[in-house]
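Chemist: Just passing along the structure, written as structure tokens.
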Amino acid sequence: MSKSTDERGRIYLPKDIRERFGDQYRIVELPSHVALFPVDEEPLDGLRAAVGDAFAETGADELKQRAREGISREVNEERSGQSKDGGE
């Protein structure tokens with residue numbers, strides 16, 4: 001399917017696509033293209049459907065905290081690597 005933007009940069013999705021996937025999408029910039037991924041109305045339900053019962057007993061607050069800790073760890077590791085490489 002090919003779509004063009006209007007004068008304000010909007011893309012209109014056909015009704016059948018919206019009915020199938022919903023009205024909210026995450027825009028992801030990849031090296032060679034841009035992708036739209038549907039966002040579930042209940043994101044945790046979507047996550048649980050994708051990974052099974054891996055997070056069945058985990059609440060939203062705990063998942064958010066784990067995500068924040070993981071991101072913080074990655075940023076700190078990246079900073080440490082850059083300072084070892086001469087601060088690039």
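Each chain in the structure tokens gets a letter, A, B and so on, in the order shown; residues start at 1 in every chain, and ligands are counted from 1 in the order they appear.
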Could you name the residues that touch A:Gly22 at 10 Å or less, counting only C-alpha atoms, but leaving out those on the same chain fewer than 5 positions away, as a ChimeraX atom specification?
Modeler: /A:15-17,38-41
Chemist: Give the helix (DSSP H, G or I) residues of chain A, as DSSP finds them on the backbone, and put them as number ranges by chain.
Modeler: A: 15-21, 43-55, 60-84
Chemist: Keeping only N, CA and C atoms, write those residues as a short mmCIF file (atom, residue, chain, number, x, y, z; two decimals), in the first residue's frame.
Modeler:
data_model
loop_
_atom_site.label_atom_id
_atom_site.label_comp_id
_atom_site.auth_asym_id
_atom_site.auth_seq_id
_atom_site.Cartn_x
_atom_site.Cartn_y
_atom_site.Cartn_z
N LYS A 15 -10.13 3.17 6.13
CA LYS A 15 -11.01 2.74 7.21
C LYS A 15 -10.78 1.29 7.59
N ASP A 16 -10.59 0.40 6.61
CA ASP A 16 -10.40 -1.02 6.94
C ASP A 16 -9.12 -1.25 7.74
N ILE A 17 -8.09 -0.47 7.49
CA ILE A 17 -6.85 -0.57 8.26
C ILE A 17 -7.09 -0.09 9.69
N ARG A 18 -7.77 1.06 9.83
CA ARG A 18 -8.07 1.59 11.17
C ARG A 18 -8.95 0.63 11.96
N GLU A 19 -9.92 0.03 11.30
CA GLU A 19 -10.81 -0.91 11.99
C GLU A 19 -10.04 -2.16 12.43
N ARG A 20 -9.09 -2.57 11.64
CA ARG A 20 -8.31 -3.78 11.95
C ARG A 20 -7.26 -3.53 13.02
N PHE A 21 -6.55 -2.39 12.94
CA PHE A 21 -5.41 -2.15 13.82
C PHE A 21 -5.61 -1.05 14.84
N PRO A 43 -1.82 -1.38 26.49
CA PRO A 43 -0.50 -1.86 26.10
C PRO A 43 -0.04 -3.11 26.85
N LEU A 44 -0.36 -3.23 28.13
CA LEU A 44 0.05 -4.42 28.87
C LEU A 44 -0.63 -5.67 28.33
N ASP A 45 -1.88 -5.54 27.91
CA ASP A 45 -2.57 -6.69 27.31
C ASP A 45 -1.87 -7.10 26.02
N GLY A 46 -1.45 -6.11 25.24
CA GLY A 46 -0.73 -6.41 24.00
C GLY A 46 0.60 -7.08 24.28
N LEU A 47 1.31 -6.59 25.29
CA LEU A 47 2.59 -7.19 25.68
C LEU A 47 2.39 -8.62 26.14
N ARG A 48 1.40 -8.83 26.97
CA ARG A 48 1.15 -10.19 27.47
C ARG A 48 0.73 -11.13 26.34
N ALA A 49 -0.02 -10.63 25.39
CA ALA A 49 -0.42 -11.46 24.24
C ALA A 49 0.80 -11.83 23.41
N ALA A 50 1.77 -10.92 23.32
CA ALA A 50 2.96 -11.17 22.50
C ALA A 50 3.93 -12.13 23.17
N VAL A 51 4.05 -12.08 24.51
CA VAL A 51 5.07 -12.88 25.19
C VAL A 51 4.49 -13.96 26.09
N GLY A 52 3.21 -14.17 26.02
CA GLY A 52 2.60 -15.20 26.85
C GLY A 52 2.50 -14.75 28.29
N ASP A 53 2.72 -15.69 29.21
CA ASP A 53 2.54 -15.38 30.62
C ASP A 53 3.82 -14.91 31.31
N ALA A 54 4.81 -14.46 30.54
CA ALA A 54 6.08 -14.02 31.11
C ALA A 54 5.89 -12.88 32.12
N PHE A 55 4.90 -12.04 31.92
CA PHE A 55 4.65 -10.91 32.81
C PHE A 55 3.28 -11.01 33.48
N ALA A 60 1.92 -2.95 36.17
CA ALA A 60 2.41 -1.88 35.31
C ALA A 60 3.51 -1.08 35.99
N ASP A 61 3.35 -0.77 37.28
CA ASP A 61 4.36 0.03 37.98
C ASP A 61 5.71 -0.68 38.03
N GLU A 62 5.68 -1.98 38.26
CA GLU A 62 6.94 -2.74 38.31
C GLU A 62 7.58 -2.81 36.93
N LEU A 63 6.78 -3.01 35.88
CA LEU A 63 7.32 -3.03 34.53
C LEU A 63 7.95 -1.70 34.15
N LYS A 64 7.29 -0.60 34.53
CA LYS A 64 7.84 0.73 34.26
C LYS A 64 9.17 0.92 34.98
N GLN A 65 9.21 0.51 36.25
CA GLN A 65 10.44 0.67 37.03
C GLN A 65 11.57 -0.15 36.41
N ARG A 66 11.30 -1.38 36.01
CA ARG A 66 12.32 -2.21 35.38
C ARG A 66 12.82 -1.57 34.08
N ALA A 67 11.89 -1.02 33.30
CA ALA A 67 12.28 -0.37 32.04
C ALA A 67 13.16 0.84 32.31
N ARG A 68 12.79 1.66 33.28
CA ARG A 68 13.59 2.84 33.62
C ARG A 68 15.00 2.43 34.09
N GLU A 69 15.07 1.39 34.91
CA GLU A 69 16.37 0.92 35.39
C GLU A 69 17.22 0.41 34.24
N GLY A 70 16.59 -0.31 33.30
CA GLY A 70 17.33 -0.82 32.15
C GLY A 70 17.85 0.30 31.27
N ILE A 71 17.03 1.30 31.03
CA ILE A 71 17.46 2.44 30.21
C ILE A 71 18.59 3.19 30.91
N SER A 72 18.46 3.41 32.21
CA SER A 72 19.49 4.11 32.97
C SER A 72 20.80 3.33 32.91
N ARG A 73 20.73 2.03 33.03
CA ARG A 73 21.92 1.18 32.97
C ARG A 73 22.59 1.29 31.59
N GLU A 74 21.78 1.25 30.53
CA GLU A 74 22.32 1.36 29.17
C GLU A 74 23.00 2.71 28.95
N VAL A 75 22.37 3.79 29.43
CA VAL A 75 22.94 5.13 29.27
C VAL A 75 24.27 5.21 30.01
N ASN A 76 24.31 4.70 31.23
CA ASN A 76 25.54 4.74 32.01
C ASN A 76 26.65 3.91 31.35
N GLU A 77 26.30 2.75 30.81
CA GLU A 77 27.29 1.92 30.12
C GLU A 77 27.81 2.63 28.88
N GLU A 78 26.91 3.30 28.16
CA GLU A 78 27.33 4.04 26.96
C GLU A 78 28.25 5.18 27.35
N ARG A 79 27.92 5.90 28.40
CA ARG A 79 28.78 6.99 28.86
C ARG A 79 30.15 6.48 29.27
N SER A 80 30.18 5.36 29.98
CA SER A 80 31.45 4.79 30.41
C SER A 80 32.29 4.39 29.21
N GLY A 81 31.67 3.82 28.20
CA GLY A 81 32.38 3.42 26.99
C GLY A 81 32.92 4.63 26.23
N GLN A 82 32.17 5.71 26.20
CA GLN A 82 32.61 6.92 25.49
C GLN A 82 33.77 7.57 26.22
N SER A 83 33.73 7.60 27.55
CA SER A 83 34.83 8.24 28.28
C SER A 83 36.11 7.42 28.15
N LYS A 84 36.01 6.11 28.01
CA LYS A 84 37.18 5.26 27.80
C LYS A 84 37.76 5.45 26.40
#
Chemist: Using DSSP assignments from the backbone, pull out every residue in chain A that falls under strand (DSSP E) and give it to me as a list in words.
Modeler: Tyr25, Arg26, Ile27, Val28, Glu29, Val34, Ala35, Leu36, Phe37 and Pro38 of chain A
Chemist: Nearest to A:Ser2: which of A:Val28, A:Thr58, A:Phe37, A:Pro14 is it, counting only C-alpha atoms?
Modeler: A:Pro14
Chemist: How far is it from atom CA of A:Tyr12 to atom CA of A:Ser32, in Å with one decimal?
Modeler: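 Between atom CA of A:Tyr12 and atom CA of A:Ser32 the gap works out to 21.8 Å.
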